[in-house]
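> my_file_7.txt is reproduced below (compact mmCIF, C-alpha atoms and all ligand atoms).
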# COMPACT_ATOMS: atom_id res chain seq x y z
CA MET A 18 63.68 41.86 23.17
CA ALA A 19 62.13 42.38 19.72
CA THR A 20 59.27 40.77 17.84
CA ALA A 21 58.72 40.43 14.09
CA THR A 22 55.49 39.38 12.40
CA VAL A 23 56.10 38.21 8.86
CA HIS A 24 53.94 36.69 6.12
CA PRO A 25 55.07 33.65 4.12
CA ASN A 26 55.39 33.90 0.36
CA ILE A 27 54.51 31.52 -2.45
CA ALA A 28 56.83 31.35 -5.43
CA LEU A 29 55.16 32.10 -8.76
CA ILE A 30 58.53 31.41 -10.41
CA LYS A 31 60.32 28.70 -8.47
CA TYR A 32 63.63 28.39 -6.65
CA TRP A 33 64.88 24.81 -6.81
CA GLY A 34 68.62 24.12 -6.67
CA LYS A 35 71.68 25.81 -5.23
CA ARG A 36 74.78 27.20 -6.94
CA ASP A 37 76.51 27.44 -3.56
CA ARG A 38 75.36 25.33 -0.67
CA ASP A 39 77.25 27.08 2.14
CA LEU A 40 76.02 30.56 1.24
CA ASN A 41 72.67 29.18 0.06
CA LEU A 42 72.89 30.80 -3.36
CA PRO A 43 70.22 29.73 -5.86
CA SER A 44 70.81 28.27 -9.32
CA THR A 45 67.82 30.22 -10.62
CA GLY A 46 66.09 33.52 -10.00
CA SER A 47 62.61 33.35 -8.47
CA LEU A 48 59.60 35.58 -7.90
CA SER A 49 56.87 35.42 -5.27
CA MET A 50 53.64 36.79 -3.93
CA THR A 51 53.51 37.46 -0.19
CA LEU A 52 50.36 36.02 1.42
CA SER A 53 47.92 37.83 3.69
CA HIS A 54 46.54 36.26 6.91
CA PHE A 55 49.12 33.47 7.31
CA ALA A 56 51.95 34.74 9.52
CA THR A 57 54.88 33.80 11.71
CA LYS A 58 55.41 35.83 14.88
CA THR A 59 58.88 35.51 16.37
CA SER A 60 60.36 37.12 19.50
CA VAL A 61 64.06 37.09 20.28
CA VAL A 62 65.75 38.13 23.52
CA PHE A 63 69.52 38.01 24.07
CA GLY A 64 71.39 37.78 27.40
CA VAL A 65 69.39 34.97 29.01
CA ASP A 66 70.98 32.00 30.91
CA HIS A 67 71.07 29.55 28.04
CA ASP A 68 69.88 29.15 24.46
CA GLU A 69 66.25 28.11 24.18
CA VAL A 70 63.99 27.75 21.13
CA ILE A 71 60.22 27.39 21.42
CA ILE A 72 58.30 26.69 18.19
CA ASN A 73 54.50 26.59 18.24
CA GLY A 74 54.46 26.28 22.04
CA GLU A 75 56.93 23.39 22.32
CA GLU A 76 60.64 23.35 23.01
CA ALA A 77 62.45 22.63 19.74
CA LEU A 78 65.33 20.17 19.95
CA GLY A 79 67.73 18.61 17.43
CA ARG A 80 67.97 19.98 13.91
CA PRO A 81 65.16 22.59 14.00
CA ALA A 82 66.67 24.20 17.14
CA ALA A 83 70.22 23.94 15.77
CA ARG A 84 69.16 25.70 12.54
CA VAL A 85 67.65 28.60 14.50
CA LEU A 86 70.68 28.99 16.79
CA LYS A 87 73.13 28.75 13.89
CA HIS A 88 71.23 31.54 12.20
CA LEU A 89 71.65 33.76 15.28
CA ASP A 90 75.41 32.95 15.20
CA LEU A 91 75.50 34.16 11.61
CA ILE A 92 73.75 37.43 12.50
CA GLN A 93 76.09 38.08 15.43
CA PRO A 94 79.14 35.83 15.80
CA GLY A 95 79.98 35.31 19.50
CA ARG A 96 76.47 36.40 20.51
CA ALA A 97 75.00 36.09 24.03
CA PRO A 98 72.65 33.17 24.81
CA ALA A 99 69.19 33.79 23.39
CA LYS A 100 65.57 32.77 23.81
CA VAL A 101 63.52 32.49 20.63
CA VAL A 102 59.75 32.03 20.69
CA SER A 103 58.11 31.50 17.31
CA THR A 104 54.50 30.74 16.44
CA ASN A 105 52.83 30.10 13.09
CA ASN A 106 49.10 30.59 12.65
CA PHE A 107 49.19 28.00 9.82
CA PRO A 108 50.67 24.46 9.39
CA THR A 109 54.46 24.26 9.77
CA ALA A 110 56.78 22.51 7.25
CA ALA A 111 53.84 21.26 5.19
CA GLY A 112 54.55 22.95 1.87
CA LEU A 113 52.85 26.17 2.99
CA ALA A 114 56.07 28.16 3.02
CA SER A 115 56.59 28.27 6.79
CA SER A 116 60.37 28.42 6.37
CA SER A 117 60.05 31.60 4.31
CA SER A 118 58.24 33.55 7.02
CA GLY A 119 60.10 31.69 9.81
CA PHE A 120 63.63 32.69 8.82
CA ALA A 121 62.60 36.19 7.71
CA ALA A 122 60.93 36.79 11.10
CA LEU A 123 63.92 35.37 12.99
CA THR A 124 66.31 37.60 11.03
CA LEU A 125 64.28 40.79 11.49
CA ALA A 126 63.60 40.17 15.20
CA ALA A 127 67.27 39.37 15.92
CA LEU A 128 68.55 42.44 14.00
CA LYS A 129 66.15 44.64 15.95
CA ALA A 130 66.96 43.04 19.32
CA LEU A 131 70.66 43.60 18.62
CA ASN A 132 70.10 47.17 17.32
CA ILE A 133 71.95 46.34 14.10
CA ASP A 134 71.26 48.93 11.38
CA HIS A 135 70.46 47.29 8.04
CA THR A 136 68.85 47.80 4.67
CA PRO A 137 66.08 45.42 3.57
CA ALA A 138 68.55 43.91 1.05
CA GLN A 139 71.01 43.16 3.88
CA ALA A 140 68.21 41.52 5.90
CA SER A 141 67.26 39.53 2.81
CA ILE A 142 70.85 38.27 2.37
CA LEU A 143 70.88 37.09 5.99
CA ALA A 144 67.42 35.52 5.76
CA ARG A 145 68.49 33.71 2.55
CA GLN A 146 71.19 31.89 4.49
CA GLY A 147 68.59 30.50 6.89
CA SER A 148 66.25 29.35 4.13
CA GLY A 149 66.32 30.54 0.53
CA SER A 150 62.66 31.44 0.20
CA ALA A 151 62.98 33.67 3.31
CA ALA A 152 64.99 36.12 1.18
CA ARG A 153 61.64 37.04 -0.45
CA SER A 154 59.57 37.48 2.77
CA ILE A 155 61.37 40.68 3.80
CA TRP A 156 58.77 42.59 1.74
CA GLY A 157 55.04 42.39 1.19
CA GLY A 158 53.51 42.42 -2.26
CA PHE A 159 55.50 40.90 -5.13
CA VAL A 160 59.19 40.15 -4.72
CA GLU A 161 61.95 38.91 -6.99
CA TRP A 162 64.97 37.06 -5.60
CA ARG A 163 67.91 37.71 -7.91
CA ARG A 164 70.04 34.68 -8.69
CA GLY A 165 73.10 36.93 -8.68
CA VAL A 166 76.48 36.06 -10.19
CA LYS A 167 78.92 36.99 -7.44
CA GLU A 168 80.61 34.18 -5.54
CA ASP A 169 80.15 35.93 -2.20
CA GLY A 170 76.37 36.19 -2.72
CA THR A 171 76.18 39.95 -2.12
CA ASP A 172 74.05 40.36 -5.28
CA SER A 173 71.64 37.52 -4.42
CA HIS A 174 68.83 39.08 -2.44
CA GLY A 175 65.20 40.08 -2.72
CA LEU A 176 64.03 43.09 -4.73
CA HIS A 177 60.66 44.67 -4.32
CA VAL A 178 58.80 44.33 -7.66
CA ALA A 179 55.43 45.83 -6.62
CA PRO A 180 53.81 46.88 -3.32
CA PRO A 181 50.93 44.99 -1.68
CA ASP A 182 48.28 47.38 -3.05
CA HIS A 183 49.59 47.23 -6.64
CA TRP A 184 47.24 44.41 -7.68
CA ASN A 185 44.37 42.85 -5.80
CA LEU A 186 44.96 39.15 -6.50
CA ASN A 187 43.86 36.09 -4.55
CA MET A 188 45.57 32.80 -3.91
CA VAL A 189 43.17 30.00 -3.04
CA ILE A 190 45.02 27.24 -1.17
CA ALA A 191 43.73 23.67 -1.14
CA VAL A 192 45.30 21.85 1.82
CA VAL A 193 45.54 18.27 0.57
CA ASP A 194 47.61 17.23 3.60
CA LYS A 195 48.81 19.42 6.46
CA GLY A 196 51.28 16.85 7.78
CA GLN A 197 55.01 17.50 7.56
CA LYS A 198 56.49 16.76 4.15
CA SER A 199 58.34 13.48 3.53
CA VAL A 200 61.42 15.00 1.89
CA GLY A 201 62.51 18.49 3.02
CA SER A 202 63.21 21.14 0.36
CA THR A 203 66.96 21.24 1.00
CA GLU A 204 67.32 17.46 0.78
CA GLY A 205 65.07 17.36 -2.29
CA MET A 206 67.09 20.02 -4.07
CA LEU A 207 70.41 18.34 -3.35
CA ARG A 208 69.09 15.01 -4.63
CA THR A 209 67.71 16.66 -7.76
CA MET A 210 70.99 18.41 -8.47
CA ALA A 211 72.96 15.20 -8.03
CA THR A 212 70.74 12.83 -9.99
CA SER A 213 68.18 14.42 -12.35
CA PRO A 214 69.11 14.53 -16.06
CA MET A 215 66.52 17.34 -16.35
CA TYR A 216 68.32 19.61 -13.90
CA SER A 217 70.53 21.29 -16.53
CA ALA A 218 67.46 22.09 -18.66
CA TRP A 219 65.83 23.67 -15.59
CA VAL A 220 68.79 25.95 -14.83
CA SER A 221 69.07 27.02 -18.47
CA SER A 222 65.38 27.84 -19.00
CA TRP A 223 64.06 29.83 -16.01
CA GLN A 224 64.94 33.37 -17.12
CA ARG A 225 62.19 33.70 -19.71
CA ASP A 226 59.52 32.52 -17.25
CA LEU A 227 60.72 35.03 -14.68
CA ASP A 228 60.81 37.92 -17.18
CA GLN A 229 57.27 37.10 -18.30
CA ALA A 230 55.92 36.80 -14.77
CA ARG A 231 57.55 40.09 -13.73
CA GLN A 232 56.09 41.87 -16.77
CA GLY A 233 52.71 40.25 -16.15
CA ILE A 234 52.71 41.56 -12.57
CA LEU A 235 53.66 45.08 -13.65
CA ASP A 236 50.92 44.99 -16.34
CA GLN A 237 48.40 43.20 -14.06
CA ASP A 238 48.05 40.53 -16.73
CA LEU A 239 46.93 37.34 -14.93
CA THR A 240 47.14 35.13 -18.03
CA MET A 241 50.76 36.13 -18.59
CA VAL A 242 51.67 35.48 -14.94
CA GLY A 243 49.66 32.25 -14.82
CA ARG A 244 51.24 30.75 -17.95
CA ALA A 245 54.75 31.52 -16.70
CA MET A 246 53.88 30.18 -13.22
CA GLU A 247 52.53 26.84 -14.48
CA ALA A 248 55.51 26.46 -16.84
CA SER A 249 57.99 27.11 -14.01
CA THR A 250 56.12 24.77 -11.66
CA LEU A 251 55.97 21.89 -14.16
CA LYS A 252 59.64 22.22 -15.05
CA MET A 253 60.58 22.16 -11.37
CA PHE A 254 58.53 19.00 -10.81
CA ALA A 255 60.01 17.40 -13.93
CA THR A 256 63.42 17.61 -12.22
CA MET A 257 61.99 16.04 -9.04
CA PHE A 258 60.20 13.18 -10.82
CA THR A 259 63.42 12.29 -12.64
CA SER A 260 65.60 12.30 -9.51
CA ASN A 261 66.90 9.05 -8.08
CA PRO A 262 65.12 7.97 -5.94
CA PRO A 263 62.26 10.03 -7.41
CA ILE A 264 60.63 12.79 -5.40
CA ARG A 265 56.89 12.97 -5.90
CA TYR A 266 54.96 15.24 -3.57
CA TRP A 267 51.78 15.00 -5.64
CA ARG A 268 48.78 13.01 -4.35
CA PRO A 269 45.69 11.96 -6.33
CA ALA A 270 43.80 15.00 -4.95
CA SER A 271 46.62 17.30 -6.10
CA VAL A 272 46.22 16.03 -9.67
CA ALA A 273 42.42 16.18 -9.49
CA ILE A 274 42.70 19.84 -8.49
CA GLN A 275 45.05 20.56 -11.39
CA ASP A 276 42.36 19.10 -13.70
CA GLU A 277 39.70 21.16 -11.93
CA VAL A 278 41.69 24.34 -12.60
CA ALA A 279 41.99 23.45 -16.30
CA LYS A 280 38.22 22.86 -16.39
CA LEU A 281 37.49 26.18 -14.65
CA ARG A 282 39.61 27.90 -17.29
CA GLN A 283 37.63 26.22 -20.06
CA ASP A 284 34.50 27.57 -18.36
CA GLY A 285 35.90 31.10 -18.58
CA ILE A 286 37.38 31.53 -15.07
CA ASN A 287 40.93 32.80 -15.36
CA CYS A 288 42.82 30.78 -12.74
CA TRP A 289 46.22 29.04 -12.59
CA TRP A 290 47.81 26.54 -10.21
CA THR A 291 51.16 26.06 -8.56
CA MET A 292 52.57 23.64 -5.97
CA ASP A 293 55.69 23.48 -3.81
CA ALA A 294 57.49 20.81 -1.80
CA GLY A 295 54.27 19.18 -0.63
CA PRO A 296 50.87 17.99 -1.94
CA ASN A 297 48.96 21.27 -1.43
CA VAL A 298 47.77 23.21 -4.46
CA LYS A 299 47.69 27.01 -4.69
CA VAL A 300 45.44 28.66 -7.27
CA LEU A 301 45.93 32.24 -8.44
CA CYS A 302 42.85 34.20 -9.53
CA GLU A 303 41.08 37.56 -9.43
CA PRO A 304 39.10 38.19 -6.20
CA GLU A 305 35.77 38.18 -8.10
CA ASP A 306 36.47 34.58 -9.19
CA ALA A 307 37.80 33.36 -5.82
CA PRO A 308 34.43 32.12 -4.45
CA ALA A 309 33.87 29.94 -7.56
CA VAL A 310 37.44 28.62 -7.39
CA ALA A 311 37.14 27.88 -3.65
CA ASP A 312 33.81 26.09 -4.23
CA ALA A 313 35.38 23.90 -6.91
CA LEU A 314 38.37 23.03 -4.70
CA GLU A 315 36.06 22.16 -1.80
CA HIS A 316 34.83 19.21 -3.86
CA HIS A 317 38.31 17.72 -3.45
CA VAL A 318 39.51 18.80 0.02
CA GLU A 319 37.92 20.11 3.22
CA ASP A 320 40.47 22.74 4.01
CA VAL A 321 40.48 25.67 1.56
CA HIS A 322 41.86 29.15 2.34
CA THR A 323 41.37 32.24 0.20
CA LEU A 324 44.25 34.64 0.81
CA ALA A 325 45.08 38.05 -0.63
CA VAL A 326 48.39 39.82 -1.23
CA GLY A 327 50.14 40.24 2.12
CA GLY A 328 51.77 43.34 3.59
CA HIS A 329 55.27 44.14 4.76
CA PRO A 330 56.77 42.67 7.94
CA VAL A 331 56.03 44.44 11.22
CA VAL A 332 58.92 44.70 13.68
CA GLU A 333 58.46 45.95 17.26
CA ASP A 334 60.58 46.42 20.37
C1 LIG A 401 59.57 24.52 -3.79
O1 LIG A 401 63.49 27.93 0.74
O2 LIG A 401 62.55 25.85 1.83
O3 LIG A 401 59.04 26.17 -2.16
O4 LIG A 401 66.83 27.22 0.94
O5 LIG A 401 66.95 24.75 1.25
O6 LIG A 401 65.75 26.15 2.95
P1 LIG A 401 66.13 25.99 1.50
O7 LIG A 401 64.79 25.76 0.68
P2 LIG A 401 63.36 26.46 0.75
O8 LIG A 401 62.79 25.96 -0.68
C2 LIG A 401 61.66 26.43 -1.28
C3 LIG A 401 61.36 25.61 -2.50
C4 LIG A 401 60.01 25.82 -3.13
C5 LIG A 401 60.06 26.89 -4.22
C6 LIG A 401 60.19 28.32 -3.78
O9 LIG A 401 59.69 28.70 -2.70
O10 LIG A 401 60.76 29.10 -4.57
Let me see the structure of the file written as structure tokens.
Ligand code: DP6

Amino acid sequence: MATATVHPNIALIKYWGKRDRDLNLPSTGSLSMTLSHFATKTSVVFGVDHDEVIINGEEALGRPAARVLKHLDLIQPGRAPAKVVSTNNFPTAAGLASSSSGFAALTLAALKALNIDHTPAQASILARQGSGSAARSIWGGFVEWRRGVKEDGTDSHGLHVAPPDHWNLNMVIAVVDKGQKSVGSTEGMLRTMATSPMYSAWVSSWQRDLDQARQGILDQDLTMVGRAMEASTLKMFATMFTSNPPIRYWRPASVAIQDEVAKLRQDGINCWWTMDAGPNVKVLCEPEDAPAVADALEHHVEDVHTLAVGGHPVVED
């Protein structure tokens, strides 16, 4: 048996769209910050009587269980029956990146339980096939997921851009709704790719945002990162809004918080927002500004979390 504890990550430069569905290869490169405090803890044991998957204390059935078991088949074809127990200390499938930490933790725990030697890049390639954003949760700190060009996906994995202690940044998360999202990321991406006239503009314009965000991280330049992050976020949502039927995760409170962030900036607080496949808003700022940002967000929602840059996964026997 082995256990992995892994932090989720939030994309500063977004992944939205697949160049290969079977291998889960992205149409764009992306870049993330790993979060502190939020974590998925997953234990895997092989050689039990029958496959069993427990998520957050309840037996998982149907598609969630099938996804987990299929991932174990990928890691070791012809494997023995396994028991997987996974717990999140934050809301699951609610646009808070639980699939990123979930599939990274499952991958690392299974590799350890099976004693399979691997590099972090190899773990990232496996995690990517469970859920794309999981390719980035194999490291703490700041991580880039290369789009890659190879058809077999061997060049599409995470790369460590900067360690957790490189830059003391905060992400203040406003939980607008912690319920499960209406349209899952995979379904949303496939619909966008099939129907949005904006999709081609998205896949031809991400590189500059990513280069700027990476440079901004290396230089610890929050304005540079924030501008690139908001540009990437808005372009991603433009593809969703113009899908058929449209995908619109935003709620009135999400928009009010976007306005609040713009107002805070006018008042001299350097902060920038992003969102994912859900209504929650994540605001990037320096730690000294986080209390003022959190106060402002608390006017809109009850549930506000101030998180720092998270560390590397921990894997134990
Ligand atoms: C909006 O990684 O959940 O959060 O690969 O289909 O499982 P699949 O998608 P997933 O999508 C994440 C989308 C996003 C942006 C991001 O994290 O880069």
> Calculate how many Å separate CA of Leu131 in chain A from atom P1 of ligand LIG 401 (chain A), rounding to one decimal.
25.0 Å
> Nearest to Leu324 in chain A: which of A:Lys58, A:His174, A:Lys299, A:Arg225 is it, counting all atoms listed in the file?
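Closest to Leu324 in chain A, using all atoms listed in the file: A:Lys299.
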> Let me make sure I understand: among A:Lys198, A:His329, A:His183, A:Lys100, which one has the smallest atom-to-atom distance to ligand LIG 401 (chain A) if we use only C-alpha atoms and all ligand atoms?
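Smallest distance to ligand LIG 401 (chain A) is found for A:Lys198.
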> Please extract the residues at most 6 Å from ligand LIG 401 (chain A), counting only C-alpha atoms and all ligand atoms, and provide them as a ChimeraX atom specification, using the chain letters and residue numbers of this document.
/A:27-28,31-33,116,148-150,202-203,293-294
> Calculated over only C-alpha atoms, which of the candidates A:Ser44, A:Thr171, A:Asn297, A:Ser60 has the smallest distance to Ala273 in chain A?
A:Asn297
> Mind pulling up the distance from CA of Gly46 in chain A to CA of Trp184 in chain A?
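Distance between the two atoms: 21.9 Å.
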> Quick one: pull the distance between CA of Ala126 in chain A and CA of Asp182 in chain A, Å, one decimal.
24.9 Å
> Select all residues near (41.7, 31.4, -12.5) (cut-off 6 Å, inclusive, file coordinates), counting all atoms listed in the file, and output them as a list in words.
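Checked against the point, the hits come out as Ile286, Asn287, Cys288, Trp289, Leu301 and Cys302 of chain A.
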> If we count all atoms listed in the file, what is near range 235-245 of chain A at a cut-off of 12 Å, once residues fewer than 5 positions away on the same chain are taken out, given as a ChimeraX atom specification?
/A:28-31,47-50,158-160,177-180,182-188,222-230,250-252,278-279,282,285-291,299-304
